[in-house]
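Source file: upload.txt. Holds: compact mmCIF, C-alpha atoms and all ligand atoms.
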```
# COMPACT_ATOMS: atom_id res chain seq x y z
CA MET B 226 122.70 135.29 98.02
CA SER B 227 121.20 131.85 97.39
CA CYS B 228 120.86 129.50 100.36
CA LYS B 229 122.81 126.30 100.57
CA PHE B 230 119.85 124.30 101.89
CA ARG B 231 116.18 124.38 101.06
CA LEU B 232 114.55 123.53 104.38
CA LEU B 233 115.18 123.15 108.10
CA LEU B 234 112.50 121.59 110.31
CA GLU B 235 113.66 122.31 113.83
CA ASN B 236 113.03 120.74 117.17
CA ALA B 237 110.06 118.51 116.41
CA GLU B 238 108.50 116.83 119.41
CA GLN B 239 108.45 113.55 117.47
CA MET B 240 110.03 112.76 114.11
CA LEU B 241 108.64 109.58 112.48
CA ILE B 242 111.70 108.26 110.68
CA VAL B 243 109.85 104.91 110.21
CA CYS B 244 112.83 102.74 109.09
CA ARG B 245 116.02 102.11 111.08
CA LYS B 246 118.43 101.05 108.36
CA GLU B 247 117.14 101.73 104.88
CA GLU B 248 114.77 98.76 104.79
CA GLU B 249 112.88 98.42 101.49
CA PHE B 250 109.78 97.39 103.46
CA LEU B 251 108.84 96.41 107.00
CA LEU B 252 107.35 93.12 108.14
CA ARG B 253 105.21 92.64 111.24
CA ASP B 254 107.93 93.02 113.90
CA GLY B 255 109.55 96.00 112.19
CA MET B 256 106.14 97.64 111.77
CA GLN B 257 105.58 97.36 115.49
CA GLN B 258 108.83 99.15 116.37
CA LEU B 259 109.00 102.17 114.13
CA ALA B 260 111.99 104.49 114.39
CA VAL B 261 110.77 107.65 116.17
CA LEU B 262 113.10 110.41 117.34
CA GLU B 263 112.11 112.84 120.09
CA LYS B 264 113.24 116.50 119.86
CA ALA B 265 114.60 116.13 116.37
CA SER B 266 115.41 118.22 113.30
CA LEU B 267 115.60 117.53 109.58
CA VAL B 268 117.42 119.23 106.71
CA VAL B 269 116.48 119.12 103.00
CA GLY B 270 118.99 120.23 100.37
CA ASN B 271 118.41 122.32 97.28
CA ASP B 272 118.04 119.14 95.24
CA GLY B 273 114.92 118.27 97.29
CA PHE B 274 116.52 115.32 99.11
CA ILE B 275 117.07 114.81 102.84
CA LYS B 276 120.61 115.73 103.91
CA ALA B 277 120.40 115.21 107.65
CA VAL B 278 117.99 114.05 110.31
CA GLY B 279 118.73 113.60 114.00
CA PRO B 280 118.63 115.06 117.51
CA ALA B 281 117.93 118.80 117.39
CA ASP B 282 121.13 119.74 119.32
CA LEU B 283 123.31 117.79 116.96
CA ILE B 284 121.74 119.26 113.82
CA ARG B 285 121.96 122.77 115.33
CA ASN B 286 125.71 122.39 115.89
CA GLN B 287 126.34 120.75 112.57
CA PHE B 288 124.45 123.38 110.55
CA SER B 289 125.08 126.49 112.71
CA ASN B 290 126.79 128.38 109.90
CA GLU B 291 124.45 127.35 107.10
CA SER B 292 121.61 129.23 105.46
CA PHE B 293 118.16 127.81 104.70
CA GLU B 294 115.55 128.99 102.25
CA THR B 295 112.81 128.05 104.76
CA LYS B 296 112.96 127.30 108.49
CA ILE B 297 110.00 125.92 110.41
CA ASP B 298 109.93 125.79 114.17
CA CYS B 299 108.38 122.39 114.96
CA MET B 300 108.27 122.77 118.73
CA GLY B 301 105.14 120.94 119.96
CA LYS B 302 104.63 119.36 116.53
CA CYS B 303 105.22 115.97 114.90
CA VAL B 304 106.82 115.28 111.55
CA PHE B 305 105.96 112.32 109.29
CA PRO B 306 107.15 111.15 105.91
CA GLY B 307 104.55 112.09 103.28
CA PHE B 308 101.89 109.39 103.01
CA VAL B 309 101.82 107.03 100.05
CA ASP B 310 98.40 106.03 98.74
CA ALA B 311 98.96 102.67 97.03
CA HIS B 312 95.65 102.29 95.15
CA THR B 313 93.31 104.89 93.61
CA HIS B 314 90.97 105.38 90.63
CA PRO B 315 90.93 109.19 90.57
CA VAL B 316 90.27 110.14 86.91
CA TRP B 317 86.57 109.97 86.06
CA ALA B 318 83.38 111.88 85.36
CA GLY B 319 79.94 111.14 86.79
CA ASP B 320 79.68 110.34 90.48
CA ARG B 321 77.71 107.35 91.82
CA VAL B 322 76.19 108.80 94.93
CA ASN B 323 72.91 106.99 94.10
CA GLU B 324 74.68 103.62 94.36
CA PHE B 325 75.60 104.38 97.96
CA ALA B 326 71.90 104.42 98.81
CA MET B 327 71.33 101.23 96.77
CA LYS B 328 74.07 99.43 98.67
CA LEU B 329 72.69 100.58 101.99
CA ALA B 330 69.35 99.12 100.87
CA GLY B 331 71.01 95.74 100.27
CA ALA B 332 72.34 95.69 96.67
CA THR B 333 75.78 94.12 96.28
CA TYR B 334 78.66 95.54 94.25
CA MET B 335 78.14 92.83 91.61
CA ASP B 336 74.33 93.38 91.47
CA ILE B 337 74.97 96.99 90.54
CA HIS B 338 77.81 96.13 88.14
CA GLN B 339 75.74 93.53 86.29
CA ALA B 340 72.77 95.90 86.01
CA GLY B 341 74.97 98.30 84.01
CA GLY B 342 75.85 100.55 86.94
CA GLY B 343 79.19 100.55 88.70
CA ILE B 344 82.29 100.73 86.53
CA ASN B 345 80.23 100.67 83.30
CA TYR B 346 78.28 103.78 84.32
CA THR B 347 81.54 105.61 85.03
CA VAL B 348 82.96 104.41 81.71
CA GLU B 349 80.05 106.04 79.82
CA HIS B 350 80.52 109.37 81.57
CA THR B 351 84.31 109.33 81.36
CA THR B 352 84.16 108.51 77.65
CA ALA B 353 81.90 111.52 77.06
CA ALA B 354 84.03 113.93 79.14
CA SER B 355 86.66 116.23 77.63
CA ASP B 356 90.33 116.07 78.63
CA GLU B 357 89.96 119.45 80.30
CA GLU B 358 86.93 118.41 82.33
CA LEU B 359 88.71 115.24 83.50
CA PHE B 360 91.86 117.15 84.37
CA ARG B 361 89.95 119.77 86.36
CA SER B 362 88.20 117.28 88.65
CA PHE B 363 91.34 115.11 88.91
CA LYS B 364 93.37 118.13 90.01
CA GLN B 365 90.83 118.95 92.73
CA ARG B 366 90.95 115.38 94.00
CA LEU B 367 94.74 115.39 94.05
CA THR B 368 94.68 118.68 95.96
CA ARG B 369 92.41 117.17 98.58
CA MET B 370 94.70 114.14 98.85
CA LEU B 371 97.72 116.41 99.27
CA ARG B 372 95.99 118.41 101.99
CA ALA B 373 95.41 115.13 103.82
CA GLY B 374 99.15 114.42 103.68
CA THR B 375 99.53 112.23 100.58
CA THR B 376 102.70 113.08 98.66
CA LEU B 377 102.85 110.01 96.37
CA VAL B 378 99.74 108.40 94.90
CA GLU B 379 99.12 105.51 92.54
CA CYS B 380 96.58 106.60 89.87
CA LYS B 381 94.81 104.14 87.59
CA SER B 382 93.12 104.55 84.23
CA GLY B 383 90.33 102.00 83.69
CA TYR B 384 87.17 103.99 82.98
CA GLY B 385 87.82 104.00 79.25
CA LEU B 386 88.24 100.31 78.37
CA LYS B 387 88.49 101.34 74.70
CA LEU B 388 91.97 102.41 73.66
CA ASP B 389 91.24 106.07 72.90
CA THR B 390 89.57 106.76 76.25
CA GLU B 391 92.22 104.80 78.18
CA LEU B 392 94.85 106.96 76.48
CA LYS B 393 92.84 110.09 77.26
CA MET B 394 92.94 109.14 80.96
CA LEU B 395 96.65 108.32 80.87
CA ARG B 396 97.35 111.69 79.21
CA VAL B 397 95.41 113.44 81.95
CA ILE B 398 97.55 111.60 84.52
CA GLU B 399 100.68 112.54 82.58
CA ARG B 400 99.68 116.21 82.58
CA ALA B 401 99.18 116.11 86.36
CA GLN B 402 102.63 114.55 86.75
CA LYS B 403 104.11 117.50 84.89
CA GLU B 404 102.05 120.34 86.35
CA LEU B 405 101.45 119.39 89.99
CA ASP B 406 103.71 118.88 93.01
CA ILE B 407 102.22 115.60 94.21
CA GLY B 408 104.11 112.46 93.12
CA ILE B 409 102.18 110.06 90.88
CA SER B 410 102.71 106.42 89.96
CA SER B 411 100.68 105.85 86.79
CA THR B 412 98.80 102.61 86.14
CA TYR B 413 97.23 101.33 82.93
CA CYS B 414 94.02 99.52 83.96
CA GLY B 415 92.33 98.91 80.61
CA ALA B 416 91.21 95.51 81.92
CA HIS B 417 89.01 97.01 84.64
CA SER B 418 85.80 95.67 83.13
CA VAL B 419 84.88 93.70 80.01
CA PRO B 420 83.42 96.13 77.42
CA LYS B 421 79.83 95.52 76.28
CA GLY B 422 79.61 93.02 73.41
CA LYS B 423 82.98 91.39 74.11
CA SER B 424 84.01 88.29 76.03
CA ALA B 425 86.88 88.43 78.51
CA VAL B 426 89.06 86.52 76.02
CA GLU B 427 88.27 89.01 73.23
CA ALA B 428 88.90 91.96 75.51
CA ALA B 429 92.22 90.44 76.59
CA ASP B 430 93.18 89.92 72.92
CA ASP B 431 92.38 93.56 72.15
CA ILE B 432 94.50 94.74 75.09
CA ILE B 433 97.43 92.52 74.17
CA CYS B 434 97.34 93.18 70.41
CA ASN B 435 96.30 96.85 70.36
CA HIS B 436 96.48 98.66 73.69
CA LEU B 437 99.86 97.50 74.95
CA PRO B 438 101.71 98.04 71.63
CA ALA B 439 100.25 101.59 71.53
CA LEU B 440 101.42 102.23 75.10
CA LYS B 441 104.87 100.90 74.26
CA GLN B 442 105.14 103.25 71.28
CA LEU B 443 103.96 106.28 73.27
CA ALA B 444 106.50 105.46 75.99
CA LEU B 445 109.27 105.22 73.37
CA ASN B 446 108.23 108.64 72.02
CA GLY B 447 108.36 110.00 75.58
CA GLU B 448 104.69 111.01 75.40
CA ILE B 449 103.32 108.87 78.24
CA HIS B 450 105.12 107.32 81.21
CA VAL B 451 103.19 104.42 82.68
CA ASP B 452 104.62 102.53 85.65
CA ASN B 453 102.18 99.70 86.36
CA ILE B 454 99.59 97.42 84.77
CA ASP B 455 96.40 96.39 86.54
CA VAL B 456 93.60 93.88 85.80
CA PHE B 457 90.35 93.30 87.71
CA CYS B 458 90.75 89.54 88.17
CA GLU B 459 87.28 88.48 89.24
CA ARG B 460 84.56 85.97 88.44
CA GLY B 461 82.37 87.60 85.74
CA VAL B 462 85.13 90.09 84.86
CA PHE B 463 88.62 88.81 83.88
CA ASP B 464 89.22 85.13 84.67
CA LEU B 465 92.59 83.90 85.87
CA GLU B 466 93.85 82.86 82.44
CA SER B 467 92.94 86.16 80.71
CA THR B 468 94.44 88.08 83.64
CA LYS B 469 97.64 86.09 83.34
CA ARG B 470 97.96 86.74 79.60
CA ILE B 471 97.42 90.48 80.06
CA LEU B 472 99.86 90.75 82.96
CA GLN B 473 102.54 88.79 81.12
CA ALA B 474 102.18 91.03 78.06
CA GLY B 475 102.40 94.10 80.32
CA LYS B 476 105.50 92.77 82.00
CA ALA B 477 107.07 92.20 78.60
CA ILE B 478 106.86 95.95 77.89
CA GLY B 479 108.39 96.81 81.26
CA LEU B 480 105.34 97.51 83.43
CA HIS B 481 105.16 96.51 87.10
CA LEU B 482 102.34 94.08 87.85
CA ASN B 483 99.97 95.53 90.41
CA PHE B 484 96.44 94.17 90.15
CA HIS B 485 93.03 93.59 91.77
CA GLY B 486 92.76 90.02 93.02
CA ASP B 487 90.71 87.73 95.23
CA GLU B 488 88.29 90.54 95.99
CA LEU B 489 84.75 89.18 95.71
CA SER B 490 85.51 85.54 94.91
CA PRO B 491 88.47 83.26 95.61
CA MET B 492 90.38 83.25 92.30
CA ASN B 493 93.90 82.14 93.31
CA SER B 494 95.01 85.60 92.20
CA ALA B 495 97.53 85.88 95.03
CA GLU B 496 99.22 82.62 94.01
CA MET B 497 99.38 83.81 90.41
CA GLY B 498 100.67 87.27 91.38
CA ALA B 499 103.44 85.67 93.38
CA LEU B 500 104.34 83.38 90.49
CA LEU B 501 104.46 86.21 87.95
CA GLY B 502 106.60 88.45 90.17
CA ALA B 503 103.88 91.04 90.84
CA HIS B 504 104.86 94.03 92.96
CA ALA B 505 101.43 94.01 94.58
CA VAL B 506 97.97 92.51 94.64
CA SER B 507 95.11 94.64 95.99
CA HIS B 508 91.96 93.75 97.95
CA LEU B 509 92.50 90.05 98.82
CA GLU B 510 89.33 89.70 100.88
CA GLU B 511 89.00 86.10 99.53
CA VAL B 512 92.69 85.16 99.53
CA SER B 513 93.58 81.54 100.42
CA ASP B 514 96.16 80.49 103.01
CA GLU B 515 98.34 79.23 100.17
CA GLY B 516 98.04 82.61 98.48
CA ILE B 517 99.18 84.37 101.65
CA THR B 518 102.21 82.08 101.95
CA ALA B 519 103.08 82.53 98.28
CA MET B 520 102.91 86.33 98.54
CA ALA B 521 105.13 86.34 101.63
CA LYS B 522 107.71 84.18 99.87
CA ALA B 523 107.66 86.27 96.68
CA LYS B 524 107.82 89.62 98.56
CA CYS B 525 104.64 90.62 96.78
CA SER B 526 102.88 93.35 98.73
CA ALA B 527 99.24 93.01 99.83
CA VAL B 528 97.48 96.34 99.33
CA LEU B 529 94.58 96.44 101.77
CA LEU B 530 91.73 98.88 101.19
CA PRO B 531 89.77 99.55 104.37
CA THR B 532 87.31 101.95 102.70
CA THR B 533 85.81 99.13 100.67
CA ALA B 534 86.42 95.98 102.65
CA TYR B 535 86.67 94.69 106.14
CA ILE B 536 89.19 91.90 106.48
CA LEU B 537 91.63 91.16 109.22
CA SER B 538 95.28 91.94 108.61
CA LYS B 539 96.61 89.55 111.25
CA ASP B 540 96.96 86.38 109.15
CA MET B 541 98.90 88.25 106.51
CA LEU B 542 101.16 90.05 108.97
CA ASP B 543 101.80 86.82 110.89
CA ALA B 544 102.68 85.02 107.66
CA GLY B 545 105.29 87.65 106.76
CA VAL B 546 103.39 89.48 104.02
CA ILE B 547 104.37 93.08 103.20
CA VAL B 548 101.10 94.83 104.04
CA SER B 549 100.36 98.23 102.45
CA LEU B 550 97.35 100.54 102.48
CA GLY B 551 95.46 102.48 99.84
CA SER B 552 92.39 104.70 99.86
CA ASP B 553 90.88 102.98 96.78
CA PHE B 554 89.39 106.40 95.96
CA ASN B 555 86.85 105.78 93.18
CA PRO B 556 83.19 106.67 92.52
CA ASN B 557 82.22 103.70 94.71
CA ALA B 558 84.45 104.67 97.66
CA TYR B 559 84.79 108.41 98.08
CA CYS B 560 87.66 108.81 100.52
CA LEU B 561 90.77 110.85 99.74
CA SER B 562 92.41 110.82 103.15
CA MET B 563 95.15 108.42 104.21
CA PRO B 564 94.79 109.40 107.91
CA MET B 565 91.17 108.17 107.69
CA VAL B 566 92.31 105.04 105.86
CA MET B 567 94.83 104.35 108.65
CA HIS B 568 92.10 104.84 111.26
CA LEU B 569 89.81 102.37 109.45
CA ALA B 570 92.70 99.91 109.12
CA CYS B 571 93.15 100.04 112.90
CA VAL B 572 89.49 99.80 113.85
CA ASN B 573 88.23 97.37 111.23
CA MET B 574 91.30 95.40 110.17
CA LYS B 575 92.79 95.34 113.67
CA MET B 576 96.11 96.85 112.71
CA SER B 577 98.06 98.67 115.41
CA LEU B 578 98.74 102.40 114.96
CA SER B 579 102.36 101.80 114.03
CA GLU B 580 101.47 98.95 111.63
CA ALA B 581 99.01 101.25 109.87
CA LEU B 582 101.60 104.01 109.60
CA ALA B 583 104.23 101.68 108.13
CA ALA B 584 101.63 100.31 105.70
CA ALA B 585 100.80 103.86 104.54
CA THR B 586 104.43 104.93 104.15
CA ILE B 587 107.36 102.57 103.52
CA ASN B 588 105.30 99.52 102.51
CA ALA B 589 103.00 101.46 100.19
CA ALA B 590 106.11 102.97 98.59
CA TYR B 591 107.51 99.43 98.17
CA SER B 592 104.32 98.29 96.44
CA LEU B 593 105.00 100.98 93.82
CA GLY B 594 108.71 100.22 93.52
CA ARG B 595 109.52 103.59 95.12
CA SER B 596 110.79 102.71 98.59
CA HIS B 597 114.33 103.80 97.70
CA THR B 598 113.06 107.40 97.45
CA HIS B 599 109.84 107.50 99.50
CA GLY B 600 108.22 106.20 102.65
CA SER B 601 110.70 107.14 105.40
CA LEU B 602 112.65 110.17 106.62
CA GLU B 603 116.16 108.88 105.92
CA VAL B 604 119.12 110.70 104.43
CA GLY B 605 119.08 110.44 100.63
CA LYS B 606 115.30 110.12 100.31
CA GLN B 607 113.02 112.75 98.81
CA GLY B 608 112.16 115.54 101.29
CA ASP B 609 108.42 114.78 101.38
CA VAL B 610 107.13 115.61 104.82
CA VAL B 611 103.91 116.18 106.78
CA VAL B 612 103.94 118.41 109.89
CA ILE B 613 101.06 118.13 112.34
CA ASN B 614 100.12 120.41 115.18
CA ALA B 615 100.12 117.80 117.95
CA SER B 616 102.85 116.63 120.26
CA ARG B 617 102.19 112.90 119.78
CA TRP B 618 101.99 111.39 116.32
CA GLU B 619 99.11 109.04 117.11
CA HIS B 620 96.71 112.01 117.15
CA LEU B 621 96.63 112.02 113.36
CA ILE B 622 95.07 108.54 113.30
CA TYR B 623 93.14 108.76 116.56
CA GLN B 624 91.27 111.95 115.62
CA PHE B 625 89.09 110.41 112.88
CA GLY B 626 88.52 113.04 110.20
CA GLY B 627 90.65 115.48 112.23
CA HIS B 628 93.44 115.73 109.67
CA GLN B 629 92.02 118.98 108.30
CA GLU B 630 92.67 120.69 111.60
CA LEU B 631 95.87 118.82 112.50
CA ILE B 632 97.95 118.93 109.32
CA GLU B 633 99.80 122.23 109.23
CA TYR B 634 102.27 121.71 106.39
CA VAL B 635 102.65 119.28 103.53
CA ILE B 636 106.08 119.57 101.99
CA ILE B 637 107.30 118.03 98.74
CA LYS B 638 111.00 117.95 97.87
CA GLY B 639 111.61 120.43 100.69
CA LYS B 640 109.11 122.99 99.32
CA ILE B 641 105.86 123.87 101.05
CA ALA B 642 103.10 122.45 98.84
CA TYR B 643 100.33 123.19 101.35
CA LYS B 644 100.15 125.40 104.43
CA ASN B 645 97.04 125.24 106.56
CA ASP B 646 96.12 128.66 107.94
CA ASN B 647 93.10 127.36 109.81
CA ILE B 648 94.78 125.38 112.55
CA LEU B 649 92.44 125.40 115.56
CA GLY B 650 94.58 123.43 118.02
CA LEU B 651 93.54 120.38 119.98
N1 LIG Y 701 87.21 96.34 92.19
C1 LIG Y 701 87.42 97.01 91.20
N2 LIG Y 701 87.73 98.30 91.15
C2 LIG Y 701 87.46 99.29 92.15
C3 LIG Y 701 86.09 99.81 92.06
C4 LIG Y 701 85.96 100.68 90.91
C5 LIG Y 701 84.57 101.17 90.72
O1 LIG Y 701 83.63 100.62 91.28
O2 LIG Y 701 84.46 102.14 89.96
C6 LIG Y 701 87.92 98.94 93.53
O3 LIG Y 701 89.10 98.70 93.69
O4 LIG Y 701 87.15 98.95 94.50
ZN ZN Y 702 90.55 99.42 92.76
```

What does the file become when written as structure tokens?
Ligand SMILES: N=CN[C@@H](CCC(=O)O)C(=O)O
Ligand SMILES: [Zn+2]
Amino acid sequence: MSCKFRLLLENAEQMLIVCRKEEEFLLRDGMQQLAVLEKASLVVGNDGFIKAVGPADLIRNQFSNESFETKIDCMGKCVFPGFVDAHTHPVWAGDRVNEFAMKLAGATYMDIHQAGGGINYTVEHTTAASDEELFRSFKQRLTRMLRAGTTLVECKSGYGLKLDTELKMLRVIERAQKELDIGISSTYCGAHSVPKGKSAVEAADDIICNHLPALKQLALNGEIHVDNIDVFCERGVFDLESTKRILQAGKAIGLHLNFHGDELSPMNSAEMGALLGAHAVSHLEEVSDEGITAMAKAKCSAVLLPTTAYILSKDMLDAGVIVSLGSDFNPNAYCLSMPMVMHLACVNMKMSLSEALAAATINAAYSLGRSHTHGSLEVGKQGDVVVINASRWEHLIYQFGGHQELIEYVIIKGKIAYKNDNILGL
């Protein structure tokens, strides 16, 4: 006999609901008062969506005659919504471990980039790699992200620059969307660097006249589903005007604007993102006060990346900006774990524990236009859940690098996607 419900998580010590009333995102005050239930249970239906969440006694009475495909006793454990990683570059060949040593010896990101290393080095290796090779390493990275609790991740292309390699990367992302459990928001980032021998204006023309029409056609054929468009808006890469042209052309074919701005130099990217209706701008280390105000007004999310930058979150939170977090996983920042990202956000960006959690759940989902289905444990949302073996939720952030021992289950649409058999306890 088939069961009526897919999953029951029973009697959790703490259940991190996150939102109180279906908010699309949380601002500073809401982030500081997350919805947390004590002694709570959660039910996921056969369609993979949450059917009930509430006090354990109530759920027990309400569902006493029902059958569940899987039941997990969560006594002594905490339950979170799956984490959302709002910014990653996970499809590439050729690591850059040597650059880590160079940076420690004093080289800057731009020194390395301009000497032909950085993104350009990864472009060479990614161009030479086969689809299969790229898929294999991408799959391993996604598996590591999943084991660290990420259930929805934004994945960028951007190590091709030329159309055929960009499409190769997007096809690899598409294959992962079809074959793997983890949720993916796919981003075309052909304007990640200016290809050798071209100016930024020429590269922008090529993207607008050749890349985007090809993407549009492939989307119409149902071959590739891209959600977002990204540009590295930076002095010496894509200037403000070229960035604007590319983003506008992307918007015209239905892509969400979600781009790198104000990272190494003040570019007024935040102001432009707000004006163009961007869902999100990432980095923002050099954002102006006007840019912060404009983003708050436009409800454009700021995706902060504590693995690559140390800025303070306070000004943005105080100004009413929707702050999100991403791992920025890329060959220059090798971190796949959102619990570690949240820890770094607390220690280096001075976010509180609950602000970091909201930024890695509901707000990150908002930055990808997915907060109606992801980012909180509310009825009607996708049953994406992380169960940890600790009786207070803060342990997951406090125990830096401890997620491998703490995370017991990662569940996607009510199905166990990862079970950790090596739980050691606290
Ligand atoms: N800033 C541009 N892009 C990446 C780095 C990519 C790379 O170095 O390969 C970032 O977000 O940090
Ligand atoms: Zn990036």

Site check for ligand LIG 701 (chain Y): residues at most 6 Å away, only C-alpha atoms and all ligand atoms, as JSON, numbers by chain: {"B": [343, 344, 457, 553, 555, 556, 557]}

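For Lys328 of chain B, the residues within 12 Å (counting only C-alpha atoms, excluding itself and residues fewer than 5 positions away along the chain) are Arg321, Val322, Asn323, Thr333, Tyr334, Met335, Asp336, Ile337, His338, Gly342, Gly343, Thr533, Asn557 and Ala558 of chain B.
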
Using C-alpha atoms, can you write the selected residues to a file as a PDB file, in the coordinates of the input?
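For reference, out19.pdb as written:
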```pdb
ATOM      1  CA  ARG B 321      77.710 107.350  91.820  1.00  0.00           C
ATOM      2  CA  VAL B 322      76.190 108.800  94.930  1.00  0.00           C
ATOM      3  CA  ASN B 323      72.910 106.990  94.100  1.00  0.00           C
ATOM      4  CA  THR B 333      75.780  94.120  96.280  1.00  0.00           C
ATOM      5  CA  TYR B 334      78.660  95.540  94.250  1.00  0.00           C
ATOM      6  CA  MET B 335      78.140  92.830  91.610  1.00  0.00           C
ATOM      7  CA  ASP B 336      74.330  93.380  91.470  1.00  0.00           C
ATOM      8  CA  ILE B 337      74.970  96.990  90.540  1.00  0.00           C
ATOM      9  CA  HIS B 338      77.810  96.130  88.140  1.00  0.00           C
ATOM     10  CA  GLY B 342      75.850 100.550  86.940  1.00  0.00           C
ATOM     11  CA  GLY B 343      79.190 100.550  88.700  1.00  0.00           C
ATOM     12  CA  THR B 533      85.810  99.130 100.670  1.00  0.00           C
ATOM     13  CA  ASN B 557      82.220 103.700  94.710  1.00  0.00           C
ATOM     14  CA  ALA B 558      84.450 104.670  97.660  1.00  0.00           C
TER      15      ALA B 558
END
```

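Proximity of B:Phe288, B:Phe274, B:Phe308, B:Trp317 to Phe554 of chain B, computed with all atoms listed in the file, is greatest for B:Trp317.
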
9 Å shell around ligand ZN 702 (chain Y) using only C-alpha atoms and all ligand atoms, listed as a PyMOL selection string: chain B and resi 312-314+381+417+457+484-485+507-508+530+553-555

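Picture a line from atom CA of Ala340 of chain B to atom CA of Cys560 of chain B; it runs 24.5 Å.
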
Thr586 of chain B environment, 8 Å, all atoms listed in the file, sequence neighbours closer than 4 positions dropped, as an MDAnalysis selection string: chainID B and resid 306:309 582 590 599:601

Selected residue of minimal separation from Ser549 of chain B among B:Asp310, B:Asp389, B:Glu349, B:Glu247, counting only C-alpha atoms: B:Asp310

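Near segment 263-267 of chain B, within 9 Å and counting all atoms listed in the file, sit Leu232, Leu233, Leu234, Glu235, Asn236, Ala237, Glu238, Gln239, Met240, Leu241, Ile275, Lys276, Ala277, Val278, Gly279, Pro280, Ala281, Asp282, Leu283, Ile284, Arg285, Cys299, Met300 and Leu602 of chain B, not including residues fewer than 6 positions from it in the same chain.
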
Option closest in space to Glu291 of chain B, from B:Asn345, B:Thr368, B:Gln402, B:Ser227 [counting all atoms listed in the file]: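 Smallest distance to Glu291 of chain B is found for B:Ser227.
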
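The closest residue to Pro438 of chain B, picked from B:Ala474, B:Leu405, B:Met541, B:Ala584 and counting only C-alpha atoms, is B:Ala474.
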
Point-to-point distance in Å for atom CA of Phe293 of chain B and atom CA of Gly273 of chain B: 12.5 Å

Contacts of Tyr623 of chain B at 10 Å (only C-alpha atoms; same-chain gap of 3+ positions) as a count of residues only: 12

Computed interatomic separation between atom CA of Asp254 of chain B and atom CA of Glu511 of chain B (Å): 24.8 Å

For Ile536 of chain B: contacts at 10 Å, all atoms listed in the file, fewer than 5 positions along chain excluded, given as a ChimeraX atom specification: /B:508-511,529-531,570,573-575

Export, as a PDB file, in the coordinates of the input, the selected residues with C-alpha atoms.
```
ATOM      1  CA  HIS B 508      91.960  93.750  97.950  1.00  0.00           C
ATOM      2  CA  LEU B 509      92.500  90.050  98.820  1.00  0.00           C
ATOM      3  CA  GLU B 510      89.330  89.700 100.880  1.00  0.00           C
ATOM      4  CA  GLU B 511      89.000  86.100  99.530  1.00  0.00           C
ATOM      5  CA  LEU B 529      94.580  96.440 101.770  1.00  0.00           C
ATOM      6  CA  LEU B 530      91.730  98.880 101.190  1.00  0.00           C
ATOM      7  CA  PRO B 531      89.770  99.550 104.370  1.00  0.00           C
ATOM      8  CA  ALA B 570      92.700  99.910 109.120  1.00  0.00           C
ATOM      9  CA  ASN B 573      88.230  97.370 111.230  1.00  0.00           C
ATOM     10  CA  MET B 574      91.300  95.400 110.170  1.00  0.00           C
ATOM     11  CA  LYS B 575      92.790  95.340 113.670  1.00  0.00           C
TER      12      LYS B 575
END
```

Selection as a ChimeraX atom specification: residues within 7 Å of (111.1, 116.0, 100.6), counting only C-alpha atoms: /B:269,273-275,607-610,636-639

Among the residues B:Val604, B:Leu631, B:Ala353, B:Ala499, the one that comes closest to Ser616 of chain B [using only C-alpha atoms]: B:Leu631

Option closest in space to Cys380 of chain B, from B:Thr295, B:Asn290, B:Asn483, B:Asn271 [counting all atoms listed in the file]: B:Asn483

Mind working out the centre and edge lengths of an axis-aligned box for segment 321-340 of chain B, all listed atoms inside, 3 Å added to each side, rounded to one decimal in Å and written as AutoDock Vina command-line options?
```
--center_x 74.0 --center_y 100.8 --center_z 94.0 --size_x 15.3 --size_y 22.0 --size_z 22.0
```

Within-9 Å shell of (98.4, 91.5, 79.0) in input frame, all atoms listed in the file, as a PyMOL selection string: chain B and resi 416+429-430+432-434+437+454+456+467-477
